[in-house]
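Peer 1: Pasting a structure below so you can have a look.
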Amino acid sequence: MTDKDSTSPSGKTNPGNFFEDFRLGQAIRHATPRTVTVGDVALYQGLTGGRFALASAATFARGLGYADAPIDDLLVFHVVFGKTVPDISLNAVANLGYAEGRFGVPVFPGDTLSASSTVIGLKENSNRQTGVVYVRSVGTNQRGETVVDYVRWVMVRKRHPDAPVAEELVPATAPAVAVESLSLPPPLPTGGYDWGLAGSTAAWEDYRVGERIDHVDGMTIEEAEHMTATRLYQNTAKVHFNQHSEGQGRFGRRLIYGGHVISLTRALSFNGLANAQRVVAINGGRHVAPCFAGDTVYAWSRVEQMSPLPGRSDYGALRLRTFGVKNRTAADHPERAENGKDYDPSVILDFDYTVLVPRRP
Amino acid sequence: MTDKDSTSPSGKTNPGNFFEDFRLGQAIRHATPRTVTVGDVALYQGLTGGRFALASAATFARGLGYADAPIDDLLVFHVVFGKTVPDISLNAVANLGYAEGRFGVPVFPGDTLSASSTVIGLKENSNRQTGVVYVRSVGTNQRGETVVDYVRWVMVRKRHPDAPVAEELVPATAPAVAVESLSLPPPLPTGGYDWGLAGSTAAWEDYRVGERIDHVDGMTIEEAEHMTATRLYQNTAKVHFNQHSEGQGRFGRRLIYGGHVISLTRALSFNGLANAQRVVAINGGRHVAPCFAGDTVYAWSRVEQMSPLPGRSDYGALRLRTFGVKNRTAADHPERAENGKDYDPSVILDFDYTVLVPRRP
Amino acid sequence: MTDKDSTSPSGKTNPGNFFEDFRLGQAIRHATPRTVTVGDVALYQGLTGGRFALASAATFARGLGYADAPIDDLLVFHVVFGKTVPDISLNAVANLGYAEGRFGVPVFPGDTLSASSTVIGLKENSNRQTGVVYVRSVGTNQRGETVVDYVRWVMVRKRHPDAPVAEELVPATAPAVAVESLSLPPPLPTGGYDWGLAGSTAAWEDYRVGERIDHVDGMTIEEAEHMTATRLYQNTAKVHFNQHSEGQGRFGRRLIYGGHVISLTRALSFNGLANAQRVVAINGGRHVAPCFAGDTVYAWSRVEQMSPLPGRSDYGALRLRTFGVKNRTAADHPERAENGKDYDPSVILDFDYTVLVPRRP
């Protein structure tokens, strides 16, 4: 909302920042701390259907050296991401990418998450209608410990095309998070890992670089589901919730929060990656095409890299690229269009992340 | 259900009370105590999308002198209200109004809520088909402390038009809850209030009587959402759940529980009223028009009254009137139709309530 | 998925077992332990709308001698059932029946459930395309105590029609669980049972064998609701979730998990059976016809048997048969078609179970 829409003497409603409002180095402390609980865990379970044993069972988690079942890494990401929306992307045209995402200390039920961001890049587009804002966002718990930090860039509208723009910079981001910089889980107690309860005997050593895994199952999304998930994260981006306005917009309908698609592909990936208990890094990610209610999401993954962990033989890291596709199976691993350059029209998500998988004892 | 529908030797199913079943002064103890938990908090969050920091974060709540994040006031109201339905409004034609609603001690996860009502008014309608029942309902926690009490009146069908009717009385209700009678929050510790985390710097002093605030955002409602919310409150009113019967009824479809609309407008009101952390009174309320799945709800508020709290300088009270409107924005503050008397056809809710907002330190 | 669909060097995705993969006496330990919490309780409440006081309120539960409100028996059943799906029924054509279901120790928030099964019967169908697998499944808590065990039989596809089949056996199952073998609740403290809060004064003695109770209310099911419930149970059966594949299948749409229909009929049965606080046995059950989103479920029950509990006068057992019907009321207790043999076309569930009801003090 712009000020003229309100009869308030002062602008009490949040119009969001426009491109020309950002400054390089600007630090933004986001509103709405959020205590995450077993209630959030249950609702996330109901909306995504995950089956990774670590997030599912306190007993399994304790066998792995955790004090309790940690909150699903992507749920943590979505809650932190949600806090950044009112300040960073309320006037966004598109969420362009992620990089250098690193999960920190695990989050447990009862922890309270807050978020802050720093503007690390700005680049006006040549049409002067929009520009790209790069931020590094950090989520912390009630002790100030980092639970996740990541870079994202987003195309934001300008309020006025002629508004002068502050100093510009396109920041360099790493193509992937180095294994050396990962925050690692507690040491795996000998015999602590129950492969049978986890649902698969495939250890880290059983994967190979270049391997492609079809996750087989498909999940159809309903309006009530993606909206409930997105409200759970207190993500207020209007395009997800308002059929009255979106019906007159670009797509004629509500757009599903890309993070919900990420969560669904992660849940589907259990079928083939059941032992990938933790997501420890987000190397990159692209919401290739929009997803709408009624679409059915399938997923497949390619192993991009396999890294032992420095000084540890209990877990190994797999860098994965998981592709979300819609309204067709992923059995033939759709990725590129016939021209070899564009994405296949069915691809909606290209997500590059790193998981930990136990090594064979 | 009437007794003749059952082959039970005794009527074990609840036919609900009809107008002629009520007596002035009658005390009704309602069934189904309900322990509210962080699970309810999460689901309420997912269904309404609220962002008020007090209900969102235990850390923020402790900064304000609470032991923990209290359960959202309106969630408490809905749970208590739900208990009254099987006895008061199972045979209701319309929920006509509320008055003298006062929130008592805060409710925390783990508390168990119960409800009772007293019939304080009865007035048969001239057609002898229906009558208006006035009740004062009280919700209590497991220690017997009042968590909310309110008057509501509802039009209830008669079983038989000629049934004689007990003593009649139309009770007087106060136009608004006096500030002196409010149950107040713990004293705000110096420096306890973090305006940045709350999401707005607008203090009580920044509002003025007559100010109108467009809450900007809109929220489309799905069948699964309002039904899940209403079942969460154990509210059994049939019109919300049964498409088979409602498809043949007045509207041809399920009617959304008016309380869900209240909750949505409260959640939307964050944008403009972010520091209105507590609802302390419901002065009145009217469900002006029905709301259905697929409708998009917008809201705007007018400040009706500003009251300092007796003997306290930490918070001030704002009496608000929040209007829920559907399928159009509230930027021009729709209220009255062109005749100046009826409501504008877009208005679905006219809710008069009192919130507490911190004062500038 | 069959191995040929994957380019994995080893089959990491679960193709499920086909009929010829099972062996008599085979013991299967199922994956994905699950800690159930107040979050699950709230979501189950929101999705089914139950009102039984024992599961609703910790205070009421303590009055009955429980340490806390136990998790709803059917929620326990669904969680355990869900674990068995990837091993037993991923390639199922139909879930044929249940028998000898017995609930064990009560489950409380924070308990972790696991499941295992033993193959107790195998019978190939004459077409050699499918066969019936009989398993006894056991759910246990983190202390290894049984929380529920039951027999189910399911028609499973063969991978290859000519595959030879192991030793066959059709096991005998009891028509009903004997009252002597039930796991009983704690003794009811004198005066512990509050009939008013429970919502009905109908004691065990008030029912009679042959009595039929129409539960009056109807509940329409949305896609988002049954999918969320089924994901909550980590039940992965594809037919419930994938419109893309099911749209081309037998029904042209997603099939609702039969357990969701069981839960809805149980919730509806409060109206007439409000004091049936615990389900202690599942004697049998048949999903007579499929249920789809948009259908409205009604229910009625017949009392099949009344049994005092050996050595106890606080509760009595009622063996019930509850019929779920769709898109018509159950006021006339639909059961059989005109030929007296088939089910009435409206019947979707025939569920035979045993509940405990307090006796008149």
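Just remember, in the structure tokens the first chain shown is A, the second B, etc., residues are 1-based per chain, and ligands are 1-based in the order shown.
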Enumerate, as a PyMOL selection string, the complete set of residues in segment 277-358 of chain C that a backbone-based DSSP assignment places in strand (DSSP E).
Peer 2: chain C and resi 278-287+296-309+312-326+347-358
Peer 1: Would you kindly return, as an NGL selection string, each protein, DNA or RNA residue with an atom no farther than 8 Å from any atom of segment 204-219 of chain C, considering only C-alpha atoms and excluding same-chain residues fewer than 2 positions away?
Peer 2: (:B and (1 or 5-10 or 13 or 238 or 241-244)) or (:C and (202 or 221 or 264 or 268-272 or 296-306 or 315-318 or 329-333 or 357-360))
Peer 1: Hey, what does DSSP flag as alpha helix (DSSP H) within segment 143-249 of chain A? Can you give it to me as a PDB file with N, CA and C atoms, in the first residue's frame?
Peer 2:
ATOM      1  N   TRP A 195      19.187 -48.714  10.472  1.00  0.00           N
ATOM      2  CA  TRP A 195      18.863 -48.618   9.040  1.00  0.00           C
ATOM      3  C   TRP A 195      17.453 -49.098   8.742  1.00  0.00           C
ATOM      4  N   GLY A 196      17.021 -50.102   9.493  1.00  0.00           N
ATOM      5  CA  GLY A 196      15.684 -50.635   9.261  1.00  0.00           C
ATOM      6  C   GLY A 196      14.613 -49.611   9.606  1.00  0.00           C
ATOM      7  N   LEU A 197      14.748 -48.978  10.748  1.00  0.00           N
ATOM      8  CA  LEU A 197      13.756 -47.958  11.123  1.00  0.00           C
ATOM      9  C   LEU A 197      13.839 -46.749  10.198  1.00  0.00           C
ATOM     10  N   ALA A 198      15.046 -46.485   9.691  1.00  0.00           N
ATOM     11  CA  ALA A 198      15.197 -45.351   8.776  1.00  0.00           C
ATOM     12  C   ALA A 198      14.526 -45.619   7.434  1.00  0.00           C
ATOM     13  N   GLU A 223      -5.315 -25.648  -2.801  1.00  0.00           N
ATOM     14  CA  GLU A 223      -5.191 -24.260  -2.331  1.00  0.00           C
ATOM     15  C   GLU A 223      -5.077 -24.196  -0.808  1.00  0.00           C
ATOM     16  N   ALA A 224      -5.934 -24.947  -0.126  1.00  0.00           N
ATOM     17  CA  ALA A 224      -5.940 -24.863   1.345  1.00  0.00           C
ATOM     18  C   ALA A 224      -4.600 -25.316   1.915  1.00  0.00           C
ATOM     19  N   GLU A 225      -3.927 -26.217   1.227  1.00  0.00           N
ATOM     20  CA  GLU A 225      -2.672 -26.749   1.753  1.00  0.00           C
ATOM     21  C   GLU A 225      -1.533 -25.744   1.634  1.00  0.00           C
ATOM     22  N   HIS A 226      -1.346 -25.190   0.446  1.00  0.00           N
ATOM     23  CA  HIS A 226      -0.195 -24.286   0.295  1.00  0.00           C
ATOM     24  C   HIS A 226      -0.433 -22.994   1.073  1.00  0.00           C
ATOM     25  N   MET A 227      -1.677 -22.554   1.160  1.00  0.00           N
ATOM     26  CA  MET A 227      -1.935 -21.334   1.934  1.00  0.00           C
ATOM     27  C   MET A 227      -1.711 -21.586   3.427  1.00  0.00           C
ATOM     28  N   THR A 228      -2.151 -22.737   3.918  1.00  0.00           N
ATOM     29  CA  THR A 228      -1.951 -23.039   5.339  1.00  0.00           C
ATOM     30  C   THR A 228      -0.454 -23.136   5.653  1.00  0.00           C
ATOM     31  N   ALA A 229       0.299 -23.791   4.794  1.00  0.00           N
ATOM     32  CA  ALA A 229       1.749 -23.890   5.004  1.00  0.00           C
ATOM     33  C   ALA A 229       2.373 -22.495   5.025  1.00  0.00           C
ATOM     34  N   THR A 230       2.000 -21.669   4.097  1.00  0.00           N
ATOM     35  CA  THR A 230       2.642 -20.368   3.942  1.00  0.00           C
ATOM     36  C   THR A 230       2.266 -19.431   5.088  1.00  0.00           C
ATOM     37  N   ARG A 231       1.009 -19.528   5.553  1.00  0.00           N
ATOM     38  CA  ARG A 231       0.628 -18.764   6.747  1.00  0.00           C
ATOM     39  C   ARG A 231       1.359 -19.279   7.985  1.00  0.00           C
ATOM     40  N   LEU A 232       1.602 -20.582   8.025  1.00  0.00           N
ATOM     41  CA  LEU A 232       2.336 -21.137   9.174  1.00  0.00           C
ATOM     42  C   LEU A 232       3.698 -20.469   9.289  1.00  0.00           C
ATOM     43  N   GLN A 243      -7.158 -14.519  -4.137  1.00  0.00           N
ATOM     44  CA  GLN A 243      -7.701 -14.858  -5.450  1.00  0.00           C
ATOM     45  C   GLN A 243      -8.363 -13.649  -6.088  1.00  0.00           C
ATOM     46  N   HIS A 244      -8.909 -12.764  -5.260  1.00  0.00           N
ATOM     47  CA  HIS A 244      -9.582 -11.587  -5.793  1.00  0.00           C
ATOM     48  C   HIS A 244      -8.606 -10.732  -6.602  1.00  0.00           C
ATOM     49  N   SER A 245      -7.410 -10.510  -6.065  1.00  0.00           N
ATOM     50  CA  SER A 245      -6.439  -9.705  -6.820  1.00  0.00           C
ATOM     51  C   SER A 245      -5.696 -10.556  -7.843  1.00  0.00           C
ATOM     52  N   GLU A 246      -5.294 -11.765  -7.476  1.00  0.00           N
ATOM     53  CA  GLU A 246      -4.513 -12.588  -8.412  1.00  0.00           C
ATOM     54  C   GLU A 246      -5.344 -13.027  -9.613  1.00  0.00           C
TER      55      GLU A 246
END
Peer 1: Go through B:Ala115, B:Val347, B:Val36, B:Ala281 one by one, measure the shortest atom-to-atom distance of each to Val179 of chain B using only C-alpha atoms, and give the residue with the smallest value.
Peer 2: B:Ala281
Peer 1: Would you mind listing what lies within 8 Å of Phe292 of chain A as a ChimeraX atom specification, with only C-alpha atoms counted and same-chain residues fewer than 5 positions away left out?
Peer 2: /A:221,253-256
Peer 1: Report, in Å with one decimal, the straight-line distance from atom CA of Gly284 of chain B to atom CA of Gly258 of chain B.
Peer 2: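 Atom CA of Gly284 of chain B sits 13.5 Å away from atom CA of Gly258 of chain B.
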Peer 1: Leaving out Gln26 of chain B and any residue of its chain fewer than 3 positions from it, which residues lie within 6 Å of it when counting only C-alpha atoms, given as a list of chain:residue names?
Peer 2: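 So, after excluding close chain neighbours, the residues are B:Arg23, B:Thr118, B:Val119.
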Peer 1: Can you tell me which residues surround Tyr134 of chain A at a distance of at most 6 Å, considering only C-alpha atoms, apart from same-chain residues fewer than 3 positions away, and format the answer as an mmCIF file with N, CA and C atoms, in the first residue's frame?
Peer 2:
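Below you can see around-v1.cif, which holds the result:
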data_model
loop_
_atom_site.group_PDB
_atom_site.id
_atom_site.type_symbol
_atom_site.label_atom_id
_atom_site.label_comp_id
_atom_site.auth_asym_id
_atom_site.auth_seq_id
_atom_site.Cartn_x
_atom_site.Cartn_y
_atom_site.Cartn_z
ATOM 1 N N VAL A 119 21.854 -5.957 3.156
ATOM 2 C CA VAL A 119 21.828 -5.785 1.703
ATOM 3 C C VAL A 119 23.263 -5.884 1.195
ATOM 4 N N ILE A 120 23.539 -6.878 0.351
ATOM 5 C CA ILE A 120 24.914 -7.090 -0.132
ATOM 6 C C ILE A 120 25.047 -6.828 -1.634
ATOM 7 N N GLY A 121 23.942 -6.507 -2.284
ATOM 8 C CA GLY A 121 24.044 -6.223 -3.700
ATOM 9 C C GLY A 121 22.809 -5.483 -4.199
ATOM 10 N N ARG A 152 19.954 -14.460 -0.810
ATOM 11 C CA ARG A 152 18.943 -14.607 -1.874
ATOM 12 C C ARG A 152 18.885 -13.329 -2.669
ATOM 13 N N TRP A 153 18.475 -13.446 -3.908
ATOM 14 C CA TRP A 153 18.295 -12.250 -4.711
ATOM 15 C C TRP A 153 16.922 -12.283 -5.346
#
Peer 1: With only C-alpha atoms as the basis for distance, which of C:Thr140, C:Thr37, C:Ser263, C:Thr130 is at the shortest distance from Ser116 of chain C?
Peer 2: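 That would be C:Thr140, the residue with the smallest distance to Ser116 of chain C.
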Peer 1: May I have the residues within 10 Å of Val93 of chain B as a list in words, using only C-alpha atoms and disregarding those fewer than 4 positions away in the same chain?
Peer 2: Ser89, Thr130, Gly131, Val132, Val154, Met155, Val156 and Arg157 of chain B
Peer 1: I'd like the contact shell of Tyr193 of chain A - 8 Å cut-off, only C-alpha atoms, skipping same-chain residues fewer than 6 positions apart - returned as a list in words.
Peer 2: Phe60, Gly63, Leu64 and Pro358 of chain A
